[in-house]
$ cat entry_35.cif   # mmCIF, C-alpha atoms (C1' of nucleotides)
data_run
#
loop_
_atom_site.label_atom_id
_atom_site.label_comp_id
_atom_site.auth_asym_id
_atom_site.auth_seq_id
_atom_site.Cartn_x
_atom_site.Cartn_y
_atom_site.Cartn_z
CA MET N 1 95.56 75.13 63.69
CA SER N 2 96.01 78.89 63.34
CA ASN N 3 96.21 80.43 59.91
CA ASP N 4 99.03 82.86 59.60
CA LEU N 5 99.28 81.97 55.95
CA ASP N 6 98.83 84.53 53.25
CA ARG N 7 97.50 83.99 49.77
CA LEU N 8 100.96 83.21 48.38
CA ASP N 9 101.55 80.50 50.98
CA LEU N 10 98.26 78.89 50.05
CA LYS N 11 99.08 79.02 46.36
CA ILE N 12 102.45 77.40 47.05
CA LEU N 13 100.88 74.68 49.18
CA ASP N 14 98.29 73.94 46.56
CA ARG N 15 100.92 73.58 43.88
CA LEU N 16 102.96 71.31 46.13
CA GLN N 17 100.03 69.02 46.78
CA ILE N 18 99.38 68.78 43.05
CA ASP N 19 103.01 68.29 42.06
CA ALA N 20 105.80 68.20 44.59
CA GLY N 21 108.36 67.51 41.89
CA GLU N 22 108.47 71.07 40.59
CA SER N 23 111.58 73.13 41.25
CA SER N 24 111.32 76.07 43.58
CA SER N 25 111.93 78.45 40.70
CA ALA N 26 109.09 76.91 38.69
CA ILE N 27 106.75 77.30 41.67
CA ALA N 28 108.07 80.81 42.18
CA GLU N 29 107.12 81.76 38.65
CA HIS N 30 103.61 80.33 38.98
CA VAL N 31 102.82 82.16 42.20
CA GLY N 32 104.55 85.38 41.17
CA LEU N 33 107.67 85.41 43.28
CA SER N 34 111.37 85.07 42.64
CA GLN N 35 113.23 81.92 43.55
CA SER N 36 114.71 82.76 46.92
CA PRO N 37 111.67 84.14 48.75
CA CYS N 38 109.64 81.27 47.31
CA TRP N 39 112.19 78.74 48.51
CA ARG N 40 112.17 80.35 51.97
CA ARG N 41 108.39 80.07 52.13
CA ILE N 42 108.46 76.41 51.10
CA GLN N 43 111.10 75.77 53.75
CA ARG N 44 109.02 77.50 56.40
CA LEU N 45 105.87 75.65 55.39
CA LYS N 46 107.71 72.36 55.81
CA GLU N 47 109.29 73.35 59.12
CA GLU N 48 105.99 74.52 60.54
CA GLY N 49 104.41 71.21 59.56
CA TYR N 50 101.96 72.39 56.92
CA VAL N 51 103.67 69.89 54.66
CA LYS N 52 103.81 66.60 56.50
CA ARG N 53 105.78 64.70 53.91
CA GLN N 54 106.39 64.16 50.24
CA VAL N 55 105.49 60.87 48.67
CA ALA N 56 105.43 59.11 45.32
CA ILE N 57 102.01 57.83 44.30
CA LEU N 58 102.40 54.47 42.62
CA ASP N 59 100.08 53.01 40.02
CA ARG N 60 98.65 50.00 41.79
CA GLU N 61 97.28 48.59 38.53
CA LYS N 62 100.88 47.99 37.47
CA PHE N 63 101.23 45.42 40.21
CA GLY N 64 98.37 43.24 39.15
CA GLU N 65 94.74 43.19 40.16
CA SER N 66 93.78 44.76 43.46
CA MET N 67 90.71 46.30 45.02
CA TYR N 68 89.93 48.60 47.88
CA ILE N 69 87.50 47.23 50.42
CA PHE N 70 85.91 49.26 53.18
CA ALA N 71 85.55 47.27 56.38
CA GLN N 72 83.33 48.54 59.15
CA LEU N 73 84.35 47.00 62.47
CA LYS N 74 81.94 46.54 65.32
CA MET N 75 84.04 46.94 68.47
CA SER N 76 83.51 45.98 72.07
CA ARG N 77 84.42 48.52 74.71
CA LEU N 78 88.19 48.51 75.10
CA SER N 79 90.50 49.37 77.96
CA ASP N 80 93.14 51.97 77.17
CA ASP N 81 95.71 49.22 76.89
CA GLN N 82 93.61 47.12 74.54
CA ARG N 83 92.84 50.11 72.43
CA GLU N 84 96.52 50.91 72.15
CA ARG N 85 97.28 47.38 71.03
CA PHE N 86 94.47 47.56 68.51
CA VAL N 87 95.72 50.81 66.99
CA SER N 88 99.27 49.56 66.98
CA ALA N 89 98.26 46.36 65.22
CA LEU N 90 96.58 48.40 62.48
CA GLN N 91 99.83 50.26 61.79
CA ASP N 92 101.59 46.94 61.22
CA ILE N 93 99.13 45.66 58.64
CA ASP N 94 100.33 47.11 55.35
CA GLU N 95 97.11 46.29 53.54
CA VAL N 96 95.18 48.54 55.93
CA THR N 97 95.86 51.88 54.32
CA GLU N 98 93.46 53.99 56.35
CA ALA N 99 91.54 53.70 59.61
CA TYR N 100 89.06 56.03 61.29
CA THR N 101 86.93 55.84 64.38
CA LEU N 102 83.27 56.54 63.88
CA PHE N 103 80.85 58.50 66.01
CA GLY N 104 80.24 56.62 69.19
CA GLU N 105 83.89 55.52 69.56
CA MET N 106 82.73 51.94 69.31
CA ASP N 107 83.10 51.44 65.59
CA VAL N 108 85.97 51.75 63.20
CA ILE N 109 86.13 51.94 59.42
CA LEU N 110 89.14 50.57 57.54
CA LYS N 111 90.21 50.96 53.96
CA VAL N 112 91.93 47.76 52.92
CA LEU N 113 93.87 47.13 49.73
CA ALA N 114 93.16 43.52 48.79
CA PRO N 115 94.56 41.50 45.87
CA ASN N 116 91.19 39.77 45.46
CA ILE N 117 88.09 38.65 47.30
CA ALA N 118 89.49 35.28 48.30
CA TRP N 119 92.48 36.93 49.93
CA TYR N 120 90.15 39.31 51.73
CA GLN N 121 87.92 36.51 52.97
CA ASN N 122 90.93 34.92 54.58
CA PHE N 123 92.21 38.29 55.84
CA THR N 124 88.90 38.98 57.57
CA PHE N 125 88.99 35.77 59.58
CA ARG N 126 92.70 35.44 60.19
CA ARG N 127 93.54 39.08 60.86
CA LEU N 128 90.63 41.44 61.40
CA LEU N 129 88.49 39.25 63.62
CA ARG N 130 91.52 38.44 65.75
CA LEU N 131 92.34 42.05 66.54
CA PRO N 132 91.56 43.10 70.14
CA GLY N 133 87.93 44.13 70.55
CA VAL N 134 86.71 43.32 67.05
CA GLU N 135 83.33 41.62 67.30
CA ASP N 136 82.06 41.84 63.78
CA VAL N 137 83.15 42.98 60.31
CA ARG N 138 80.87 44.35 57.62
CA SER N 139 82.61 44.83 54.31
CA THR N 140 81.95 46.82 51.17
CA ALA N 141 84.05 45.88 48.17
CA THR N 142 84.78 48.48 45.52
CA LEU N 143 84.81 47.75 41.83
CA SER N 144 86.51 50.63 40.07
CA GLU N 145 88.13 53.89 41.01
CA LEU N 146 86.31 56.99 39.77
CA LYS N 147 88.45 59.50 41.62
CA CYS N 148 91.43 59.33 43.91
CA THR N 149 93.20 62.48 44.99
CA HIS N 150 95.35 63.37 47.93
CA ARG N 151 94.64 67.04 47.60
CA ILE N 152 92.77 68.79 50.36
CA PRO N 153 90.75 71.90 49.56
CA LEU N 154 92.53 75.03 50.71
CA PRO N 155 90.90 78.33 51.73
CA SER N 156 90.38 80.97 49.01
CA ASN N 157 91.07 78.72 46.06
CA MET U 1 100.27 45.10 34.71
CA SER U 2 103.25 42.85 34.07
CA ASN U 3 106.02 42.68 36.59
CA ASP U 4 109.41 42.98 35.05
CA LEU U 5 110.66 44.59 38.22
CA ASP U 6 113.46 43.09 40.22
CA ARG U 7 114.02 43.30 43.93
CA LEU U 8 115.99 46.54 43.64
CA ASP U 9 113.22 48.24 41.68
CA LEU U 10 110.73 47.28 44.36
CA LYS U 11 112.98 48.58 47.11
CA ILE U 12 113.39 51.85 45.26
CA LEU U 13 109.64 52.18 44.72
CA ASP U 14 108.95 51.46 48.35
CA ARG U 15 111.38 54.13 49.48
CA LEU U 16 109.85 56.60 47.05
CA GLN U 17 106.37 56.01 48.36
CA ILE U 18 107.61 56.53 51.91
CA ASP U 19 109.69 59.60 51.13
CA ALA U 20 109.95 61.03 47.65
CA GLY U 21 112.10 63.90 48.87
CA GLU U 22 115.26 61.84 49.21
CA SER U 23 118.05 62.42 46.72
CA SER U 24 118.88 59.65 44.28
CA SER U 25 122.20 59.11 46.00
CA ALA U 26 120.50 58.66 49.38
CA ILE U 27 118.14 56.11 47.86
CA ALA U 28 121.07 54.45 46.09
CA GLU U 29 122.81 53.98 49.40
CA HIS U 30 119.74 52.49 51.05
CA VAL U 31 119.10 49.95 48.31
CA GLY U 32 122.75 49.11 47.73
CA LEU U 33 123.53 50.74 44.39
CA SER U 34 125.67 53.59 43.27
CA GLN U 35 124.07 56.87 42.33
CA SER U 36 123.76 56.69 38.55
CA PRO U 37 122.26 53.24 38.06
CA CYS U 38 119.86 54.09 40.85
CA TRP U 39 118.93 57.34 39.16
CA ARG U 40 118.38 55.52 35.86
CA ARG U 41 116.11 53.03 37.52
CA ILE U 42 114.07 55.80 39.14
CA GLN U 43 113.82 57.49 35.77
CA ARG U 44 112.65 54.30 34.10
CA LEU U 45 110.12 53.61 36.85
CA LYS U 46 108.64 57.05 36.29
CA GLU U 47 108.63 56.74 32.51
CA GLU U 48 106.98 53.35 32.62
CA GLY U 49 104.30 54.75 34.89
CA TYR U 50 105.01 52.83 38.08
CA VAL U 51 105.27 56.22 39.71
CA LYS U 52 102.17 58.19 38.77
CA ARG U 53 103.15 61.42 40.45
CA GLN U 54 104.83 63.02 43.40
CA VAL U 55 102.80 65.00 45.89
CA ALA U 56 103.12 66.86 49.16
CA ILE U 57 100.85 65.56 51.91
CA LEU U 58 99.52 68.50 53.89
CA ASP U 59 98.49 68.46 57.53
CA ARG U 60 94.78 69.13 57.34
CA GLU U 61 94.62 69.83 61.09
CA LYS U 62 96.65 72.96 60.44
CA PHE U 63 93.74 74.40 58.47
CA GLY U 64 91.16 74.11 61.19
CA GLU U 65 88.71 71.39 62.05
CA SER U 66 87.72 68.98 59.36
CA MET U 67 86.39 65.45 59.11
CA TYR U 68 86.21 62.73 56.55
CA ILE U 69 82.74 61.45 55.79
CA PHE U 70 81.98 58.35 53.75
CA ALA U 71 78.91 58.79 51.60
CA GLN U 72 77.30 55.80 49.99
CA LEU U 73 75.22 56.86 47.01
CA LYS U 74 72.25 54.90 45.78
CA MET U 75 72.19 55.41 42.03
CA SER U 76 69.56 54.95 39.37
CA ARG U 77 70.60 53.28 36.15
CA LEU U 78 72.45 55.83 34.04
CA SER U 79 72.98 56.23 30.34
CA ASP U 80 76.60 56.47 29.25
CA ASP U 81 76.21 60.18 28.86
CA GLN U 82 74.67 60.67 32.29
CA ARG U 83 77.33 58.54 33.83
CA GLU U 84 80.03 60.61 32.18
CA ARG U 85 78.49 63.79 33.52
CA PHE U 86 78.27 62.24 36.97
CA VAL U 87 81.94 61.20 37.00
CA SER U 88 83.01 64.52 35.60
CA ALA U 89 81.04 66.39 38.26
CA LEU U 90 82.83 64.42 40.97
CA GLN U 91 86.21 65.54 39.63
CA ASP U 92 85.13 69.15 40.00
CA ILE U 93 84.10 68.87 43.63
CA ASP U 94 87.32 69.41 45.58
CA GLU U 95 85.84 68.11 48.81
CA VAL U 96 85.23 64.72 47.21
CA THR U 97 88.69 63.24 47.56
CA GLU U 98 87.88 59.69 46.50
CA ALA U 99 85.11 57.86 44.67
CA TYR U 100 84.60 54.19 43.89
CA THR U 101 81.87 52.18 42.30
CA LEU U 102 80.59 49.26 44.31
CA PHE U 103 79.65 45.78 43.17
CA GLY U 104 76.53 46.00 41.11
CA GLU U 105 77.53 49.23 39.32
CA MET U 106 74.54 50.90 40.86
CA ASP U 107 76.14 52.27 43.99
CA VAL U 108 79.06 54.56 44.62
CA ILE U 109 81.04 55.36 47.73
CA LEU U 110 82.61 58.78 48.23
CA LYS U 111 85.15 60.01 50.71
CA VAL U 112 84.34 63.62 51.47
CA LEU U 113 86.46 66.08 53.43
CA ALA U 114 84.01 68.27 55.32
CA PRO U 115 84.74 71.24 57.60
CA ASN U 116 81.89 70.17 59.88
CA ILE U 117 78.56 68.39 60.03
CA ALA U 118 76.51 71.46 59.23
CA TRP U 119 78.50 72.07 56.08
CA TYR U 120 78.06 68.43 55.13
CA GLN U 121 74.33 68.55 55.70
CA ASN U 122 74.08 71.37 53.23
CA PHE U 123 76.53 69.70 50.86
CA THR U 124 74.41 66.55 50.77
CA PHE U 125 71.29 68.39 49.69
CA ARG U 126 72.79 71.05 47.51
CA ARG U 127 75.45 69.01 45.74
CA LEU U 128 75.26 65.25 46.15
CA LEU U 129 71.54 64.80 45.71
CA ARG U 130 71.61 67.01 42.65
CA LEU U 131 74.20 64.94 40.82
CA PRO U 132 72.83 62.92 37.87
CA GLY U 133 71.37 59.61 39.01
CA VAL U 134 71.79 60.05 42.75
CA GLU U 135 68.64 58.80 44.47
CA ASP U 136 69.77 58.50 48.05
CA VAL U 137 72.77 59.23 50.27
CA ARG U 138 73.76 57.27 53.36
CA SER U 139 76.60 58.86 55.28
CA THR U 140 79.09 57.69 57.86
CA ALA U 141 80.99 60.44 59.64
CA THR U 142 84.43 59.73 61.01
CA LEU U 143 85.67 61.01 64.31
CA SER U 144 89.42 60.58 64.44
CA GLU U 145 92.13 59.28 62.17
CA LEU U 146 93.89 56.16 63.43
CA LYS U 147 95.93 55.55 60.31
CA CYS U 148 96.35 57.25 56.98
CA THR U 149 99.00 56.11 54.56
CA HIS U 150 99.37 56.37 50.82
CA ARG U 151 101.70 53.44 50.64
CA ILE U 152 100.59 50.34 48.78
CA PRO U 153 102.05 46.99 49.79
CA LEU U 154 104.64 45.82 47.29
CA PRO U 155 105.56 42.21 46.52
CA SER U 156 108.37 40.63 48.55
CA ASN U 157 108.56 43.30 51.20
"C1'" DT V 1 123.58 45.23 28.65
"C1'" DA V 2 124.48 47.15 32.86
"C1'" DT V 3 127.60 49.54 35.85
"C1'" DG V 4 130.56 53.15 37.90
"C1'" DA V 5 133.26 57.41 37.51
"C1'" DA V 6 133.29 61.81 36.34
"C1'" DA V 7 131.89 66.08 33.80
"C1'" DA V 8 128.19 69.31 32.66
"C1'" DG V 9 124.01 71.33 33.83
"C1'" DA V 10 120.25 72.55 36.92
"C1'" DT V 11 118.53 73.41 41.34
"C1'" DA V 12 118.78 74.26 46.26
"C1'" DA V 13 120.51 77.02 49.81
"C1'" DT V 14 122.93 81.13 51.58
"C1'" DC V 15 124.45 85.79 51.41
"C1'" DC V 16 123.81 90.62 51.11
"C1'" DC V 17 121.06 94.39 49.68
"C1'" DG J 1 111.16 90.32 48.86
"C1'" DG J 2 114.94 90.39 45.14
"C1'" DG J 3 119.54 89.47 42.97
"C1'" DA J 4 123.79 87.22 42.94
"C1'" DT J 5 126.71 83.63 44.69
"C1'" DT J 6 127.98 79.08 46.34
"C1'" DA J 7 126.91 74.28 47.51
"C1'" DT J 8 124.55 70.35 46.29
"C1'" DC J 9 122.20 67.34 43.49
"C1'" DT J 10 120.57 65.87 38.96
"C1'" DT J 11 121.49 64.36 34.37
"C1'" DT J 12 124.52 63.23 30.57
"C1'" DT J 13 128.54 61.30 28.78
"C1'" DC J 14 131.98 57.99 28.53
"C1'" DA J 15 134.86 54.14 29.72
"C1'" DT J 16 134.63 49.53 31.49
"C1'" DA J 17 133.21 44.80 32.44
#
$ encode --input "entry_35.cif" --output "structure tokens"
Amino acid sequence: MSNDLDRLDLKILDRLQIDAGESSSAIAEHVGLSQSPCWRRIQRLKEEGYVKRQVAILDREKFGESMYIFAQLKMSRLSDDQRERFVSALQDIDEVTEAYTLFGEMDVILKVLAPNIAWYQNFTFRRLLRLPGVEDVRSTATLSELKCTHRIPLPSN
Amino acid sequence: MSNDLDRLDLKILDRLQIDAGESSSAIAEHVGLSQSPCWRRIQRLKEEGYVKRQVAILDREKFGESMYIFAQLKMSRLSDDQRERFVSALQDIDEVTEAYTLFGEMDVILKVLAPNIAWYQNFTFRRLLRLPGVEDVRSTATLSELKCTHRIPLPSN
DNA sequence: TATGAAAAGATAATCCC
DNA sequence: GGGATTATCTTTTCATA
């Protein structure tokens, strides 16, 4: 929450979120440090949780056709227990890649990676509508990807 | 597009998209290979583009309040040139983290990382509505993140 | 053609200044 | 924070099946 990060830390973080494969000495050079202080900063940034994890981004087109679909769920009011089961169920569905509650706490938006529309049709009835509290699903299918980044804007960049 | 990947390749890819920080020998152990064939496979998977890139996922909560907002853009019909300028403009707006066209080619959905609603209000008028072809913006603000993964489901997992 | 073992090279991690 | 050192991992080579 607090920002005890200086300009160098931010430059390092931004490089990491663009390419986490670079060596610490390469990053050091780019931000104007030598290897060991740069490595220490990277280490600290990881320990303090600024870097949550490091992942490989796969090319989903290589695995055949697929499409992202945004599903807006109309929810009934849930008990704490029901809500917990709902959230837990979402974690277990690999095709649900993201989920957010919307203002009002009664609706949820999902980003679903579907192989095709027919699969999604089935998924809606067999999975989504059977989750605790889900009353209705309104879906928006995407056609093509214009931009997809995992980079968050950092201060003073 | 084609899948000349065997079960080991898929296991390697899945580990990489969960944690790309692991050493090749650690991955080798997990998938049941020795270090060098595993390393060669990883190399090949990168060369052939199955792995697009490797990134650090930052904890956006560490940088103060922020919220994702989905913006659905109503577009007028664009010439190829206008469309190119529109897509290019999206790439330059750091707060737009994702963009997809919707069925019909006339609408677009954006995922925007906003510091707060007031910022977004201004952003809508000053940036979005000034992009080529944008006629209207309908926004859905998210409240809390229930799930956010960058892992795509792989066959036979 | 693919694997494993092992050497060579690069990088990460630690030390001291 | 920088420079030098050691530990560890990556990458190449080579022998083998």
$ closest_residue --input "entry_35.cif" --among "U:Ala141, U:Leu146, U:Cys38, U:Leu110" --to "DT3 in chain V" --atoms "all atoms listed in the file"
U:Cys38
$ closest_residue --input "entry_35.cif" --among "N:Asn116, N:Ser156, N:Thr149, N:Gln43" --to "Ile18 in chain N" --atoms "all atoms listed in the file"
N:Thr149
$ atom_distance --input "entry_35.cif" --atom1 "CA of Lys52 in chain N" --atom2 "CA of Pro115 in chain N"
28.8 Å
$ resolve_selection --input "entry_35.cif" --expression "the PyMOL selection byres ((chain N) within 9 of (chain V))" --output "ChimeraX atom specification"
/N:23-25,36,39
$ interface_residues --input "entry_35.cif" --of "chain N" --to "chain U" --cutoff "7 Å" --atoms "only C-alpha atoms" --output "PyMOL selection string"
chain N and resi 1-3+16-21+49-59+61-64+87+91+94-95+97-103+141-150+153
$ calpha_fit_and_write --input "entry_35.cif" --fixed "chain U" --moving "chain N" --output "short mmCIF file (atom, residue, chain, number, x, y, z; two decimals) with C-alpha atoms, in the coordinates of the input"
data_model
loop_
_atom_site.label_atom_id
_atom_site.label_comp_id
_atom_site.auth_asym_id
_atom_site.auth_seq_id
_atom_site.Cartn_x
_atom_site.Cartn_y
_atom_site.Cartn_z
CA MET N 1 100.27 45.07 34.74
CA SER N 2 103.29 42.88 34.03
CA ASN N 3 106.08 42.69 36.55
CA ASP N 4 109.45 43.04 34.97
CA LEU N 5 110.68 44.61 38.17
CA ASP N 6 113.49 43.11 40.15
CA ARG N 7 114.03 43.30 43.87
CA LEU N 8 116.02 46.53 43.60
CA ASP N 9 113.23 48.25 41.67
CA LEU N 10 110.76 47.27 44.35
CA LYS N 11 113.03 48.53 47.10
CA ILE N 12 113.41 51.84 45.26
CA LEU N 13 109.67 52.16 44.75
CA ASP N 14 108.98 51.43 48.38
CA ARG N 15 111.42 54.07 49.51
CA LEU N 16 109.89 56.57 47.10
CA GLN N 17 106.40 55.97 48.41
CA ILE N 18 107.63 56.48 51.96
CA ASP N 19 109.73 59.55 51.20
CA ALA N 20 109.99 61.01 47.74
CA GLY N 21 112.18 63.84 48.99
CA GLU N 22 115.32 61.75 49.30
CA SER N 23 118.13 62.35 46.83
CA SER N 24 118.94 59.66 44.34
CA SER N 25 122.28 59.06 46.02
CA ALA N 26 120.61 58.57 49.40
CA ILE N 27 118.21 56.04 47.87
CA ALA N 28 121.13 54.44 46.07
CA GLU N 29 122.93 53.88 49.34
CA HIS N 30 119.88 52.35 51.01
CA VAL N 31 119.21 49.86 48.24
CA GLY N 32 122.87 49.07 47.62
CA LEU N 33 123.59 50.77 44.34
CA SER N 34 125.67 53.71 43.22
CA GLN N 35 124.06 56.97 42.23
CA SER N 36 123.86 56.71 38.47
CA PRO N 37 122.31 53.26 38.04
CA CYS N 38 119.89 54.12 40.84
CA TRP N 39 118.95 57.38 39.14
CA ARG N 40 118.43 55.52 35.85
CA ARG N 41 116.11 53.05 37.55
CA ILE N 42 114.09 55.84 39.17
CA GLN N 43 113.83 57.55 35.80
CA ARG N 44 112.65 54.35 34.14
CA LEU N 45 110.13 53.65 36.88
CA LYS N 46 108.65 57.09 36.35
CA GLU N 47 108.64 56.81 32.56
CA GLU N 48 106.99 53.41 32.65
CA GLY N 49 104.29 54.79 34.94
CA TYR N 50 105.02 52.84 38.10
CA VAL N 51 105.28 56.23 39.76
CA LYS N 52 102.20 58.19 38.81
CA ARG N 53 103.17 61.42 40.51
CA GLN N 54 104.85 62.99 43.48
CA VAL N 55 102.81 64.96 45.94
CA ALA N 56 103.13 66.84 49.21
CA ILE N 57 100.86 65.56 51.96
CA LEU N 58 99.53 68.50 53.93
CA ASP N 59 98.47 68.44 57.56
CA ARG N 60 94.77 69.14 57.35
CA GLU N 61 94.58 69.85 61.09
CA LYS N 62 96.62 72.99 60.43
CA PHE N 63 93.73 74.41 58.46
CA GLY N 64 91.16 74.15 61.17
CA GLU N 65 88.68 71.44 62.03
CA SER N 66 87.70 69.00 59.32
CA MET N 67 86.36 65.47 59.11
CA TYR N 68 86.20 62.74 56.54
CA ILE N 69 82.73 61.45 55.80
CA PHE N 70 81.98 58.37 53.75
CA ALA N 71 78.89 58.80 51.60
CA GLN N 72 77.27 55.80 50.01
CA LEU N 73 75.19 56.86 47.01
CA LYS N 74 72.22 54.90 45.80
CA MET N 75 72.16 55.41 42.03
CA SER N 76 69.51 54.94 39.40
CA ARG N 77 70.52 53.26 36.17
CA LEU N 78 72.38 55.81 34.07
CA SER N 79 72.89 56.21 30.35
CA ASP N 80 76.50 56.43 29.23
CA ASP N 81 76.12 60.17 28.84
CA GLN N 82 74.62 60.65 32.29
CA ARG N 83 77.28 58.51 33.82
CA GLU N 84 79.96 60.58 32.16
CA ARG N 85 78.45 63.77 33.51
CA PHE N 86 78.23 62.23 36.95
CA VAL N 87 81.89 61.19 36.98
CA SER N 88 82.95 64.51 35.58
CA ALA N 89 81.01 66.38 38.24
CA LEU N 90 82.80 64.40 40.95
CA GLN N 91 86.18 65.53 39.61
CA ASP N 92 85.10 69.15 39.97
CA ILE N 93 84.09 68.87 43.61
CA ASP N 94 87.29 69.41 45.56
CA GLU N 95 85.83 68.12 48.80
CA VAL N 96 85.22 64.72 47.18
CA THR N 97 88.67 63.24 47.54
CA GLU N 98 87.88 59.69 46.48
CA ALA N 99 85.10 57.86 44.66
CA TYR N 100 84.58 54.18 43.89
CA THR N 101 81.84 52.18 42.29
CA LEU N 102 80.57 49.26 44.29
CA PHE N 103 79.62 45.78 43.20
CA GLY N 104 76.48 45.97 41.16
CA GLU N 105 77.53 49.18 39.35
CA MET N 106 74.53 50.89 40.87
CA ASP N 107 76.13 52.28 43.99
CA VAL N 108 79.03 54.57 44.62
CA ILE N 109 81.02 55.35 47.74
CA LEU N 110 82.59 58.79 48.22
CA LYS N 111 85.13 60.02 50.70
CA VAL N 112 84.33 63.64 51.46
CA LEU N 113 86.44 66.10 53.41
CA ALA N 114 83.99 68.28 55.31
CA PRO N 115 84.72 71.26 57.58
CA ASN N 116 81.88 70.20 59.89
CA ILE N 117 78.55 68.42 60.01
CA ALA N 118 76.50 71.50 59.20
CA TRP N 119 78.50 72.09 56.05
CA TYR N 120 78.04 68.46 55.10
CA GLN N 121 74.30 68.57 55.68
CA ASN N 122 74.07 71.41 53.22
CA PHE N 123 76.52 69.72 50.83
CA THR N 124 74.39 66.57 50.76
CA PHE N 125 71.26 68.41 49.67
CA ARG N 126 72.76 71.09 47.47
CA ARG N 127 75.43 69.03 45.74
CA LEU N 128 75.24 65.27 46.14
CA LEU N 129 71.51 64.82 45.71
CA ARG N 130 71.59 67.03 42.63
CA LEU N 131 74.17 64.95 40.81
CA PRO N 132 72.78 62.92 37.87
CA GLY N 133 71.34 59.60 39.01
CA VAL N 134 71.76 60.05 42.75
CA GLU N 135 68.62 58.82 44.49
CA ASP N 136 69.74 58.53 48.06
CA VAL N 137 72.76 59.25 50.27
CA ARG N 138 73.74 57.29 53.36
CA SER N 139 76.57 58.88 55.28
CA THR N 140 79.07 57.72 57.86
CA ALA N 141 80.97 60.46 59.64
CA THR N 142 84.42 59.75 61.01
CA LEU N 143 85.67 61.05 64.31
CA SER N 144 89.42 60.63 64.41
CA GLU N 145 92.13 59.32 62.15
CA LEU N 146 93.88 56.19 63.42
CA LYS N 147 95.92 55.56 60.29
CA CYS N 148 96.34 57.26 56.96
CA THR N 149 98.98 56.10 54.54
CA HIS N 150 99.39 56.35 50.82
CA ARG N 151 101.71 53.41 50.66
CA ILE N 152 100.61 50.32 48.81
CA PRO N 153 102.05 46.95 49.79
CA LEU N 154 104.66 45.79 47.30
CA PRO N 155 105.58 42.18 46.50
CA SER N 156 108.42 40.58 48.52
CA ASN N 157 108.62 43.23 51.19
#
$ closest_atom_pairs --input "entry_35.cif" --of "chain J" --to "chain U" --cutoff "9 Å" --atoms "all atoms listed in the file" --output "CSV"
residue,atom,partner,partner_atom,distance
J:DC9,C1',U:Ser23,CA,7.2
J:DT10,C1',U:Ser24,CA,8.4
J:DT11,C1',U:Trp39,CA,8.9
$ write_last_selection --input "entry_35.cif" --atoms "C-alpha atoms (C1' of nucleotides)" --output "tab-separated table (two decimals), in the frame of the given file"
chain	number	residue	atom	x	y	z
J	9	DC	C1'	122.20	67.34	43.49
J	10	DT	C1'	120.57	65.87	38.96
J	11	DT	C1'	121.49	64.36	34.37
$ axis_aligned_box --input "entry_35.cif" --around "range 41-53 of chain U" --padding-each-side "3 Å" --output "AutoDock Vina command-line options"
--center_x 109.1 --center_y 57.1 --center_z 36.5 --size_x 19.9 --size_y 14.6 --size_z 13.9
$ atom_distance --input "entry_35.cif" --atom1 "CA of Ala89 in chain U" --atom2 "CA of Leu131 in chain U"
7.4 Å
$ resolve_selection --input "entry_35.cif" --expression "the PyMOL selection byres ((chain J and resi 2) around 8)" --output "PyMOL selection string"
(chain N and resi 34+36-37) or (chain J and resi 1+3)
$ atom_distance --input "entry_35.cif" --atom1 "CA of Arg83 in chain U" --atom2 "CA of Gly133 in chain U"
8.0 Å
